[in-house]
$ cat run_6.pdb   # PDB, C-alpha atoms, pLDDT in the B column
ATOM      1  CA  MET A   1      86.909  48.940 -98.176  1.00 58.00           C
ATOM      2  CA  GLN A   2      87.958  46.256-100.694  1.00 67.00           C
ATOM      3  CA  ASN A   3      91.116  45.723 -98.739  1.00 74.00           C
ATOM      4  CA  HIS A   4      89.056  45.206 -95.571  1.00 72.00           C
ATOM      5  CA  ASP A   5      86.812  42.643 -97.331  1.00 77.00           C
ATOM      6  CA  ALA A   6      89.836  40.765 -98.623  1.00 81.00           C
ATOM      7  CA  GLU A   7      91.327  40.664 -95.130  1.00 81.00           C
ATOM      8  CA  ARG A   8      88.068  39.456 -93.658  1.00 78.00           C
ATOM      9  CA  SER A   9      87.759  36.754 -96.332  1.00 84.00           C
ATOM     10  CA  GLN A  10      91.327  35.654 -95.631  1.00 85.00           C
ATOM     11  CA  ARG A  11      90.626  35.526 -91.897  1.00 84.00           C
ATOM     12  CA  LEU A  12      87.444  33.527 -92.464  1.00 84.00           C
ATOM     13  CA  THR A  13      89.451  30.968 -94.450  1.00 89.00           C
ATOM     14  CA  MET A  14      91.949  30.717 -91.602  1.00 89.00           C
ATOM     15  CA  ILE A  15      89.118  30.263 -89.105  1.00 88.00           C
ATOM     16  CA  ASP A  16      87.632  27.517 -91.290  1.00 90.00           C
ATOM     17  CA  GLY A  17      91.014  25.793 -91.306  1.00 93.00           C
ATOM     18  CA  ALA A  18      91.312  26.081 -87.530  1.00 93.00           C
ATOM     19  CA  MET A  19      87.811  24.640 -87.102  1.00 92.00           C
ATOM     20  CA  ALA A  20      88.622  21.727 -89.391  1.00 94.00           C
ATOM     21  CA  LEU A  21      91.731  21.057 -87.312  1.00 95.00           C
ATOM     22  CA  ILE A  22      89.731  21.163 -84.059  1.00 96.00           C
ATOM     23  CA  PHE A  23      87.301  18.685 -85.601  1.00 95.00           C
ATOM     24  CA  VAL A  24      90.150  16.301 -86.490  1.00 97.00           C
ATOM     25  CA  LEU A  25      91.611  16.610 -82.970  1.00 97.00           C
ATOM     26  CA  LEU A  26      88.181  15.875 -81.518  1.00 97.00           C
ATOM     27  CA  ILE A  27      87.772  12.712 -83.609  1.00 97.00           C
ATOM     28  CA  VAL A  28      91.203  11.494 -82.413  1.00 97.00           C
ATOM     29  CA  GLN A  29      90.152  12.272 -78.822  1.00 97.00           C
ATOM     30  CA  VAL A  30      86.899  10.307 -79.166  1.00 97.00           C
ATOM     31  CA  TRP A  31      88.841   7.327 -80.521  1.00 97.00           C
ATOM     32  CA  LEU A  32      91.419   7.663 -77.728  1.00 97.00           C
ATOM     33  CA  LEU A  33      88.735   7.715 -75.029  1.00 96.00           C
ATOM     34  CA  SER A  34      86.999   4.622 -76.411  1.00 95.00           C
ATOM     35  CA  ALA A  35      90.320   2.749 -76.788  1.00 95.00           C
ATOM     36  CA  THR A  36      91.418   3.659 -73.243  1.00 95.00           C
ATOM     37  CA  LEU A  37      88.048   2.649 -71.801  1.00 92.00           C
ATOM     38  CA  ASP A  38      88.156  -0.639 -73.700  1.00 87.00           C
ATOM     39  CA  ALA A  39      91.662  -1.373 -72.397  1.00 89.00           C
ATOM     40  CA  PHE A  40      90.651  -0.393 -68.839  1.00 89.00           C
ATOM     41  CA  LEU A  41      87.626  -2.685 -68.862  1.00 81.00           C
ATOM     42  CA  ALA A  42      89.800  -5.508 -70.212  1.00 76.00           C
ATOM     43  CA  GLY A  43      92.048  -5.134 -67.147  1.00 79.00           C
ATOM     44  CA  HIS A  44      94.923  -3.255 -68.846  1.00 83.00           C
ATOM     45  CA  ARG A  45      95.199  -0.320 -66.474  1.00 85.00           C
ATOM     46  CA  ASP A  46      98.612   0.780 -67.786  1.00 89.00           C
ATOM     47  CA  ALA A  47      96.988   2.507 -70.776  1.00 91.00           C
ATOM     48  CA  ALA A  48      95.118   5.024 -68.587  1.00 94.00           C
ATOM     49  CA  LEU A  49      98.053   7.395 -67.914  1.00 95.00           C
ATOM     50  CA  PRO A  50      99.333   7.793 -71.519  1.00 95.00           C
ATOM     51  CA  GLY A  51      95.704   8.056 -72.663  1.00 96.00           C
ATOM     52  CA  ALA A  52      95.041  10.936 -70.242  1.00 96.00           C
ATOM     53  CA  VAL A  53      98.301  12.710 -71.170  1.00 97.00           C
ATOM     54  CA  VAL A  54      97.649  12.528 -74.922  1.00 97.00           C
ATOM     55  CA  SER A  55      94.011  13.552 -74.419  1.00 97.00           C
ATOM     56  CA  GLY A  56      95.221  16.559 -72.383  1.00 97.00           C
ATOM     57  CA  LEU A  57      97.599  17.569 -75.180  1.00 97.00           C
ATOM     58  CA  LEU A  58      94.803  17.295 -77.733  1.00 97.00           C
ATOM     59  CA  PHE A  59      92.573  19.442 -75.517  1.00 97.00           C
ATOM     60  CA  LEU A  60      95.379  21.975 -75.215  1.00 97.00           C
ATOM     61  CA  GLY A  61      95.618  22.061 -79.028  1.00 97.00           C
ATOM     62  CA  CYS A  62      91.874  22.694 -79.204  1.00 96.00           C
ATOM     63  CA  VAL A  63      92.175  25.562 -76.699  1.00 96.00           C
ATOM     64  CA  VAL A  64      94.991  27.180 -78.716  1.00 96.00           C
ATOM     65  CA  LEU A  65      92.925  26.937 -81.897  1.00 95.00           C
ATOM     66  CA  TYR A  66      89.839  28.258 -80.079  1.00 94.00           C
ATOM     67  CA  ARG A  67      91.809  31.263 -78.859  1.00 93.00           C
ATOM     68  CA  PHE A  68      92.906  31.861 -82.440  1.00 91.00           C
ATOM     69  CA  VAL A  69      89.283  31.774 -83.638  1.00 89.00           C
ATOM     70  CA  ILE A  70      87.954  34.169 -80.975  1.00 86.00           C
ATOM     71  CA  ARG A  71      90.872  36.570 -81.388  1.00 83.00           C
ATOM     72  CA  PRO A  72      89.450  40.011 -82.237  1.00 75.00           C
ATOM     73  CA  GLU A  73      90.034  41.441 -85.689  1.00 65.00           C
ATOM     74  CA  ARG A  74      92.718  44.069 -86.072  1.00 58.00           C
TER
ATOM     75  CA  MET B   1      72.825  63.352 -98.120  1.00 46.00           C
ATOM     76  CA  LYS B   2      72.083  59.671 -98.712  1.00 48.00           C
ATOM     77  CA  THR B   3      74.207  57.457-100.924  1.00 51.00           C
ATOM     78  CA  ASP B   4      72.777  55.373-103.791  1.00 53.00           C
ATOM     79  CA  SER B   5      73.264  52.077-101.969  1.00 52.00           C
ATOM     80  CA  ALA B   6      71.432  53.370 -98.887  1.00 52.00           C
ATOM     81  CA  GLU B   7      68.472  54.487-101.023  1.00 61.00           C
ATOM     82  CA  LYS B   8      68.155  51.047-102.638  1.00 71.00           C
ATOM     83  CA  LYS B   9      67.900  49.242 -99.287  1.00 72.00           C
ATOM     84  CA  PRO B  10      64.363  48.111 -98.430  1.00 75.00           C
ATOM     85  CA  LEU B  11      62.773  49.412 -95.276  1.00 75.00           C
ATOM     86  CA  TRP B  12      62.978  46.074 -93.382  1.00 75.00           C
ATOM     87  CA  ARG B  13      66.722  45.987 -94.034  1.00 72.00           C
ATOM     88  CA  GLU B  14      67.171  49.313 -92.347  1.00 72.00           C
ATOM     89  CA  GLU B  15      65.092  48.307 -89.345  1.00 74.00           C
ATOM     90  CA  PHE B  16      66.743  44.894 -88.954  1.00 74.00           C
ATOM     91  CA  SER B  17      70.274  45.840 -89.781  1.00 70.00           C
ATOM     92  CA  ILE B  18      71.802  42.384 -89.523  1.00 70.00           C
ATOM     93  CA  CYS B  19      75.018  41.783 -91.412  1.00 71.00           C
ATOM     94  CA  LYS B  20      75.040  38.220 -92.760  1.00 69.00           C
ATOM     95  CA  ALA B  21      78.824  37.962 -92.742  1.00 66.00           C
ATOM     96  CA  ASP B  22      78.949  39.066 -89.095  1.00 67.00           C
ATOM     97  CA  GLU B  23      76.290  36.513 -88.182  1.00 66.00           C
ATOM     98  CA  LYS B  24      78.338  33.771 -89.815  1.00 63.00           C
ATOM     99  CA  TYR B  25      81.329  34.961 -87.864  1.00 59.00           C
ATOM    100  CA  VAL B  26      79.503  34.645 -84.549  1.00 63.00           C
ATOM    101  CA  SER B  27      78.110  31.200 -85.320  1.00 79.00           C
ATOM    102  CA  ARG B  28      81.592  29.938 -86.150  1.00 82.00           C
ATOM    103  CA  ARG B  29      82.840  31.190 -82.827  1.00 85.00           C
ATOM    104  CA  GLN B  30      79.981  29.478 -81.039  1.00 87.00           C
ATOM    105  CA  LEU B  31      80.588  26.199 -82.885  1.00 89.00           C
ATOM    106  CA  THR B  32      84.289  26.363 -82.044  1.00 91.00           C
ATOM    107  CA  LYS B  33      83.424  26.975 -78.401  1.00 92.00           C
ATOM    108  CA  PHE B  34      81.123  23.947 -78.444  1.00 93.00           C
ATOM    109  CA  LEU B  35      83.814  21.756 -80.047  1.00 94.00           C
ATOM    110  CA  THR B  36      86.386  22.896 -77.483  1.00 95.00           C
ATOM    111  CA  LEU B  37      84.007  22.131 -74.621  1.00 96.00           C
ATOM    112  CA  THR B  38      83.397  18.682 -76.128  1.00 96.00           C
ATOM    113  CA  SER B  39      87.163  18.213 -76.200  1.00 97.00           C
ATOM    114  CA  LEU B  40      87.233  19.151 -72.500  1.00 97.00           C
ATOM    115  CA  GLY B  41      84.570  16.495 -71.887  1.00 97.00           C
ATOM    116  CA  MET B  42      86.722  13.850 -73.627  1.00 96.00           C
ATOM    117  CA  PHE B  43      89.704  14.897 -71.520  1.00 97.00           C
ATOM    118  CA  ALA B  44      87.573  14.670 -68.359  1.00 97.00           C
ATOM    119  CA  GLY B  45      86.578  11.136 -69.417  1.00 97.00           C
ATOM    120  CA  ASN B  46      90.231  10.127 -69.731  1.00 97.00           C
ATOM    121  CA  ILE B  47      90.994  11.679 -66.322  1.00 97.00           C
ATOM    122  CA  TRP B  48      88.101   9.696 -64.836  1.00 97.00           C
ATOM    123  CA  ILE B  49      89.546   6.447 -66.250  1.00 96.00           C
ATOM    124  CA  LEU B  50      92.969   7.394 -64.858  1.00 95.00           C
ATOM    125  CA  ALA B  51      91.470   8.085 -61.408  1.00 95.00           C
ATOM    126  CA  LYS B  52      89.605   4.778 -61.481  1.00 94.00           C
ATOM    127  CA  SER B  53      92.786   2.897 -62.417  1.00 93.00           C
ATOM    128  CA  TRP B  54      94.710   4.586 -59.583  1.00 92.00           C
ATOM    129  CA  MET B  55      91.988   3.786 -57.075  1.00 91.00           C
ATOM    130  CA  TYR B  56      91.742   0.155 -58.186  1.00 84.00           C
ATOM    131  CA  LYS B  57      92.674  -2.338 -55.510  1.00 81.00           C
ATOM    132  CA  GLN B  58      93.444  -5.960 -56.201  1.00 76.00           C
ATOM    133  CA  PRO B  59      90.620  -7.944 -54.571  1.00 78.00           C
ATOM    134  CA  ALA B  60      91.551 -10.190 -51.696  1.00 84.00           C
ATOM    135  CA  TYR B  61      90.788 -13.758 -52.730  1.00 89.00           C
ATOM    136  CA  PRO B  62      89.831 -16.371 -50.150  1.00 92.00           C
ATOM    137  CA  VAL B  63      91.815 -19.594 -49.815  1.00 93.00           C
ATOM    138  CA  LYS B  64      89.265 -22.340 -50.276  1.00 92.00           C
ATOM    139  CA  ALA B  65      89.258 -26.121 -50.738  1.00 93.00           C
ATOM    140  CA  VAL B  66      87.376 -26.774 -53.967  1.00 92.00           C
ATOM    141  CA  ALA B  67      87.729 -30.509 -54.585  1.00 92.00           C
ATOM    142  CA  LYS B  68      89.162 -33.786 -53.390  1.00 92.00           C
ATOM    143  CA  ILE B  69      91.562 -35.422 -55.822  1.00 89.00           C
ATOM    144  CA  ALA B  70      89.941 -38.830 -55.465  1.00 89.00           C
ATOM    145  CA  GLU B  71      86.544 -37.591 -56.591  1.00 90.00           C
ATOM    146  CA  ILE B  72      87.661 -36.469 -60.083  1.00 91.00           C
ATOM    147  CA  PRO B  73      88.797 -39.074 -62.643  1.00 92.00           C
ATOM    148  CA  VAL B  74      91.284 -38.172 -65.416  1.00 91.00           C
ATOM    149  CA  GLY B  75      89.295 -36.172 -67.993  1.00 90.00           C
ATOM    150  CA  GLY B  76      86.654 -35.513 -65.361  1.00 92.00           C
ATOM    151  CA  VAL B  77      85.110 -32.212 -64.423  1.00 94.00           C
ATOM    152  CA  LYS B  78      83.896 -30.596 -61.235  1.00 94.00           C
ATOM    153  CA  LEU B  79      81.983 -27.370 -60.865  1.00 95.00           C
ATOM    154  CA  PHE B  80      82.583 -25.127 -57.889  1.00 94.00           C
ATOM    155  CA  GLN B  81      82.050 -21.524 -56.794  1.00 94.00           C
ATOM    156  CA  TYR B  82      84.995 -19.182 -56.424  1.00 91.00           C
ATOM    157  CA  PRO B  83      85.741 -16.517 -55.170  1.00 89.00           C
ATOM    158  CA  GLY B  84      82.104 -15.710 -54.294  1.00 89.00           C
ATOM    159  CA  PRO B  85      79.125 -18.064 -53.988  1.00 90.00           C
ATOM    160  CA  GLU B  86      77.737 -16.800 -57.310  1.00 90.00           C
ATOM    161  CA  ASP B  87      80.976 -17.109 -59.320  1.00 92.00           C
ATOM    162  CA  GLN B  88      80.698 -20.464 -61.040  1.00 94.00           C
ATOM    163  CA  CYS B  89      84.004 -22.136 -62.001  1.00 95.00           C
ATOM    164  CA  ILE B  90      84.977 -25.323 -63.793  1.00 96.00           C
ATOM    165  CA  LEU B  91      87.771 -27.670 -62.687  1.00 95.00           C
ATOM    166  CA  VAL B  92      89.210 -30.191 -65.142  1.00 95.00           C
ATOM    167  CA  ARG B  93      91.635 -33.009 -64.402  1.00 93.00           C
ATOM    168  CA  THR B  94      93.618 -33.118 -67.636  1.00 91.00           C
ATOM    169  CA  ALA B  95      96.143 -35.806 -66.610  1.00 90.00           C
ATOM    170  CA  GLU B  96      96.992 -37.989 -63.630  1.00 88.00           C
ATOM    171  CA  ASP B  97      98.581 -35.087 -61.803  1.00 88.00           C
ATOM    172  CA  ALA B  98      97.409 -32.030 -63.750  1.00 91.00           C
ATOM    173  CA  TYR B  99      94.456 -29.838 -62.862  1.00 93.00           C
ATOM    174  CA  VAL B 100      93.186 -26.604 -64.341  1.00 95.00           C
ATOM    175  CA  ALA B 101      90.297 -24.400 -63.281  1.00 95.00           C
ATOM    176  CA  TYR B 102      88.641 -21.444 -64.982  1.00 96.00           C
ATOM    177  CA  SER B 103      85.692 -19.171 -64.510  1.00 95.00           C
ATOM    178  CA  GLN B 104      82.723 -20.796 -66.207  1.00 95.00           C
ATOM    179  CA  LYS B 105      81.510 -17.479 -67.579  1.00 94.00           C
ATOM    180  CA  CYS B 106      82.347 -17.003 -71.259  1.00 94.00           C
ATOM    181  CA  THR B 107      84.169 -13.698 -71.782  1.00 90.00           C
ATOM    182  CA  HIS B 108      81.924 -12.944 -74.770  1.00 90.00           C
ATOM    183  CA  LEU B 109      78.355 -12.860 -73.407  1.00 92.00           C
ATOM    184  CA  SER B 110      78.674 -14.752 -70.108  1.00 91.00           C
ATOM    185  CA  CYS B 111      77.250 -18.106 -71.264  1.00 94.00           C
ATOM    186  CA  ALA B 112      78.350 -21.115 -69.217  1.00 95.00           C
ATOM    187  CA  VAL B 113      81.298 -22.891 -70.864  1.00 96.00           C
ATOM    188  CA  PHE B 114      81.901 -26.656 -70.682  1.00 95.00           C
ATOM    189  CA  TYR B 115      84.846 -29.027 -71.151  1.00 95.00           C
ATOM    190  CA  SER B 116      84.856 -31.048 -74.365  1.00 94.00           C
ATOM    191  CA  LYS B 117      86.824 -34.240 -73.698  1.00 91.00           C
ATOM    192  CA  GLU B 118      86.908 -35.240 -77.400  1.00 91.00           C
ATOM    193  CA  SER B 119      88.568 -32.026 -78.576  1.00 91.00           C
ATOM    194  CA  ASN B 120      90.329 -31.336 -75.244  1.00 92.00           C
ATOM    195  CA  ARG B 121      89.229 -27.724 -75.026  1.00 95.00           C
ATOM    196  CA  ILE B 122      86.688 -25.554 -73.276  1.00 95.00           C
ATOM    197  CA  GLU B 123      83.729 -24.638 -75.436  1.00 96.00           C
ATOM    198  CA  CYS B 124      80.945 -22.096 -75.263  1.00 95.00           C
ATOM    199  CA  PRO B 125      77.710 -23.488 -76.740  1.00 94.00           C
ATOM    200  CA  CYS B 126      76.131 -20.079 -77.422  1.00 94.00           C
ATOM    201  CA  HIS B 127      78.416 -18.725 -80.169  1.00 93.00           C
ATOM    202  CA  GLU B 128      80.997 -21.507 -80.598  1.00 92.00           C
ATOM    203  CA  GLY B 129      83.785 -19.768 -78.755  1.00 94.00           C
ATOM    204  CA  TYR B 130      86.609 -22.199 -77.977  1.00 96.00           C
ATOM    205  CA  PHE B 131      89.247 -21.786 -75.264  1.00 95.00           C
ATOM    206  CA  SER B 132      92.535 -23.604 -74.730  1.00 95.00           C
ATOM    207  CA  ILE B 133      92.506 -26.054 -71.820  1.00 94.00           C
ATOM    208  CA  LYS B 134      96.153 -25.195 -71.110  1.00 93.00           C
ATOM    209  CA  ASP B 135      95.826 -21.484 -70.349  1.00 91.00           C
ATOM    210  CA  GLY B 136      92.262 -20.437 -71.169  1.00 92.00           C
ATOM    211  CA  SER B 137      93.297 -18.412 -74.219  1.00 92.00           C
ATOM    212  CA  VAL B 138      90.852 -17.962 -77.090  1.00 93.00           C
ATOM    213  CA  LEU B 139      91.216 -20.535 -79.876  1.00 95.00           C
ATOM    214  CA  GLN B 140      88.225 -19.582 -81.978  1.00 93.00           C
ATOM    215  CA  GLY B 141      85.030 -17.570 -81.984  1.00 91.00           C
ATOM    216  CA  PRO B 142      83.795 -14.167 -80.877  1.00 93.00           C
ATOM    217  CA  PRO B 143      85.443 -13.920 -77.410  1.00 91.00           C
ATOM    218  CA  THR B 144      88.457 -11.625 -77.414  1.00 85.00           C
ATOM    219  CA  ARG B 145      89.646 -12.179 -73.848  1.00 86.00           C
ATOM    220  CA  PRO B 146      90.841 -15.427 -72.236  1.00 89.00           C
ATOM    221  CA  LEU B 147      88.914 -17.166 -69.476  1.00 92.00           C
ATOM    222  CA  PRO B 148      89.993 -15.992 -66.015  1.00 92.00           C
ATOM    223  CA  MET B 149      92.038 -18.781 -64.458  1.00 93.00           C
ATOM    224  CA  VAL B 150      91.722 -20.039 -60.896  1.00 94.00           C
ATOM    225  CA  VAL B 151      95.162 -20.667 -59.398  1.00 94.00           C
ATOM    226  CA  LEU B 152      95.149 -24.052 -57.656  1.00 94.00           C
ATOM    227  CA  GLU B 153      97.451 -25.623 -55.132  1.00 93.00           C
ATOM    228  CA  ARG B 154      97.539 -29.258 -54.112  1.00 91.00           C
ATOM    229  CA  ARG B 155      97.565 -29.804 -50.379  1.00 90.00           C
ATOM    230  CA  GLY B 156      97.459 -33.512 -49.582  1.00 89.00           C
ATOM    231  CA  PRO B 157      94.260 -35.022 -50.927  1.00 90.00           C
ATOM    232  CA  GLU B 158      92.665 -31.647 -51.598  1.00 92.00           C
ATOM    233  CA  LEU B 159      92.849 -28.981 -54.272  1.00 93.00           C
ATOM    234  CA  ILE B 160      92.891 -25.480 -52.888  1.00 94.00           C
ATOM    235  CA  ALA B 161      91.920 -22.355 -54.849  1.00 94.00           C
ATOM    236  CA  ILE B 162      94.291 -19.509 -53.974  1.00 93.00           C
ATOM    237  CA  ARG B 163      93.363 -16.625 -56.282  1.00 91.00           C
ATOM    238  CA  MET B 164      92.078 -15.644 -59.716  1.00 89.00           C
ATOM    239  CA  LYS B 165      94.332 -14.719 -62.595  1.00 84.00           C
ATOM    240  CA  GLN B 166      92.861 -12.511 -65.323  1.00 68.00           C
ATOM    241  CA  GLU B 167      95.457 -13.163 -67.987  1.00 51.00           C
ATOM    242  CA  PRO B 168      97.120 -16.478 -68.882  1.00 42.00           C
ATOM    243  CA  GLU B 169     100.828 -16.656 -68.165  1.00 38.00           C
ATOM    244  CA  GLY B 170     103.476 -16.427 -70.853  1.00 34.00           C
TER
END
$ encode --input "run_6.pdb" --output "structure tokens"
Amino acid sequence: MQNHDAERSQRLTMIDGAMALIFVLLIVQVWLLSATLDAFLAGHRDAALPGAVVSGLLFLGCVVLYRFVIRPER
Amino acid sequence: MKTDSAEKKPLWREEFSICKADEKYVSRRQLTKFLTLTSLGMFAGNIWILAKSWMYKQPAYPVKAVAKIAEIPVGGVKLFQYPGPEDQCILVRTAEDAYVAYSQKCTHLSCAVFYSKESNRIECPCHEGYFSIKDGSVLQGPPTRPLPMVVLERRGPELIAIRMKQEPEG
């Protein structure tokens, strides 16, 4: 029973870490979106493609972390 | 046979058998799901910008006579509309054979800019934004973008506007 509690506590810590990481990725994504929009409105349309690619990678990172969080306990 | 811990539990606890740790677990999952969906929203926003930039077409500018050379003295100014009838522009004769024209809308908050002959620059009276007369770049003040330039061509006694240029050359 104690062993199970310790495992659960360890897993909760890992989930907290994953959530913190998702939060950081999200902040970067918000900044990226505002920077890309600003550049687009200023007439610099070249920034749109790298902005979308990086945003996609960040979203992919979020999905991987989300899958880790929802993974059932063993 | 009941255990000691089961006997100590109050009645409401038995009826509403909610495990606090499990509840926390579920709420974390839900929050993570929400954050991931927000991330998807940000990605969709970037895709929208990309689609808009791919669909953007350079506007076709009309070729239009905007002034006669004889009517503007050196250091003189003429206002005209280009490319549309509501797009006010300013033409300045900076030397005997040098002309520049810009959109009259300040890139900060769209106030009408004017040419200051004394300081040889274009000024915005609203927030003291100053632009270079040479290329429309920002010299001072809150504007961050240069004035859009009107490309001119001299054809005999007339000055012809050919197109707009968003960024100064160089």
$ closest_residue --input "run_6.pdb" --among "B:Phe131, B:Tyr115, B:Tyr56, B:Phe16" --to "Thr94 in chain B" --atoms "all atoms listed in the file"
B:Tyr115
$ closest_residue --input "run_6.pdb" --among "B:Pro85, B:Pro148, B:Gly141, B:Pro157" --to "chain A" --atoms "only C-alpha atoms"
B:Pro148
$ resolve_selection --input "run_6.pdb" --expression "the ChimeraX specification (/A :<7) & /B" --output "NGL selection string"
:B and (29 or 32-33 or 36 or 39-40 or 42-43 or 45-47 or 49-50 or 53)
$ write_last_selection --input "run_6.pdb" --atoms "C-alpha atoms" --output "compact mmCIF listing (two decimals), in the frame of the given file"
# COMPACT_ATOMS: atom_id res chain seq x y z
CA ARG B 29 82.84 31.19 -82.83
CA THR B 32 84.29 26.36 -82.04
CA LYS B 33 83.42 26.98 -78.40
CA THR B 36 86.39 22.90 -77.48
CA SER B 39 87.16 18.21 -76.20
CA LEU B 40 87.23 19.15 -72.50
CA MET B 42 86.72 13.85 -73.63
CA PHE B 43 89.70 14.90 -71.52
CA GLY B 45 86.58 11.14 -69.42
CA ASN B 46 90.23 10.13 -69.73
CA ILE B 47 90.99 11.68 -66.32
CA ILE B 49 89.55 6.45 -66.25
CA LEU B 50 92.97 7.39 -64.86
CA SER B 53 92.79 2.90 -62.42
$ resolve_selection --input "run_6.pdb" --expression "the PyMOL selection byres ((chain B and resi 112) around 10)" --output "mmCIF file with C-alpha atoms, keeping the file's coordinate frame"
data_model
loop_
_atom_site.group_PDB
_atom_site.id
_atom_site.type_symbol
_atom_site.label_atom_id
_atom_site.label_comp_id
_atom_site.auth_asym_id
_atom_site.auth_seq_id
_atom_site.Cartn_x
_atom_site.Cartn_y
_atom_site.Cartn_z
ATOM 1 C CA GLN B 88 80.698 -20.464 -61.040
ATOM 2 C CA CYS B 89 84.004 -22.136 -62.001
ATOM 3 C CA ILE B 90 84.977 -25.323 -63.793
ATOM 4 C CA SER B 103 85.692 -19.171 -64.510
ATOM 5 C CA GLN B 104 82.723 -20.796 -66.207
ATOM 6 C CA LYS B 105 81.510 -17.479 -67.579
ATOM 7 C CA CYS B 106 82.347 -17.003 -71.259
ATOM 8 C CA THR B 107 84.169 -13.698 -71.782
ATOM 9 C CA LEU B 109 78.355 -12.860 -73.407
ATOM 10 C CA SER B 110 78.674 -14.752 -70.108
ATOM 11 C CA CYS B 111 77.250 -18.106 -71.264
ATOM 12 C CA VAL B 113 81.298 -22.891 -70.864
ATOM 13 C CA PHE B 114 81.901 -26.656 -70.682
ATOM 14 C CA GLU B 123 83.729 -24.638 -75.436
ATOM 15 C CA CYS B 124 80.945 -22.096 -75.263
ATOM 16 C CA PRO B 125 77.710 -23.488 -76.740
ATOM 17 C CA CYS B 126 76.131 -20.079 -77.422
#
$ atom_distance --input "run_6.pdb" --atom1 "CA of Gly136 in chain B" --atom2 "CA of Lys165 in chain B"
10.5 Å
$ residues_around --input "run_6.pdb" --residues "Val100 in chain B" --least-positions-apart "6" --cutoff "7 Å" --atoms "only C-alpha atoms" --output "NGL selection string"
:B and (91-93)
$ atom_distance --input "run_6.pdb" --atom1 "CA of Arg163 in chain B" --atom2 "CA of Pro62 in chain B"
7.1 Å
$ atom_distance --input "run_6.pdb" --atom1 "CA of Ile160 in chain B" --atom2 "CA of Lys64 in chain B"
5.5 Å
$ resolve_selection --input "run_6.pdb" --expression "the PyMOL selection byres ((chain B and resi 72) around 12)" --output "JSON list (two decimals) with C-alpha atoms, keeping the file's coordinate frame"
[["chain", "number", "residue", "atom", "x", "y", "z"],
["B", 66, "VAL", "CA", 87.38, -26.77, -53.97],
["B", 67, "ALA", "CA", 87.73, -30.51, -54.58],
["B", 68, "LYS", "CA", 89.16, -33.79, -53.39],
["B", 69, "ILE", "CA", 91.56, -35.42, -55.82],
["B", 70, "ALA", "CA", 89.94, -38.83, -55.46],
["B", 71, "GLU", "CA", 86.54, -37.59, -56.59],
["B", 73, "PRO", "CA", 88.80, -39.07, -62.64],
["B", 74, "VAL", "CA", 91.28, -38.17, -65.42],
["B", 75, "GLY", "CA", 89.30, -36.17, -67.99],
["B", 76, "GLY", "CA", 86.65, -35.51, -65.36],
["B", 77, "VAL", "CA", 85.11, -32.21, -64.42],
["B", 78, "LYS", "CA", 83.90, -30.60, -61.24],
["B", 79, "LEU", "CA", 81.98, -27.37, -60.86],
["B", 91, "LEU", "CA", 87.77, -27.67, -62.69],
["B", 92, "VAL", "CA", 89.21, -30.19, -65.14],
["B", 93, "ARG", "CA", 91.64, -33.01, -64.40],
["B", 94, "THR", "CA", 93.62, -33.12, -67.64],
["B", 95, "ALA", "CA", 96.14, -35.81, -66.61],
["B", 96, "GLU", "CA", 96.99, -37.99, -63.63],
["B", 97, "ASP", "CA", 98.58, -35.09, -61.80],
["B", 98, "ALA", "CA", 97.41, -32.03, -63.75],
["B", 99, "TYR", "CA", 94.46, -29.84, -62.86],
["B", 157, "PRO", "CA", 94.26, -35.02, -50.93],
["B", 158, "GLU", "CA", 92.66, -31.65, -51.60],
["B", 159, "LEU", "CA", 92.85, -28.98, -54.27]]
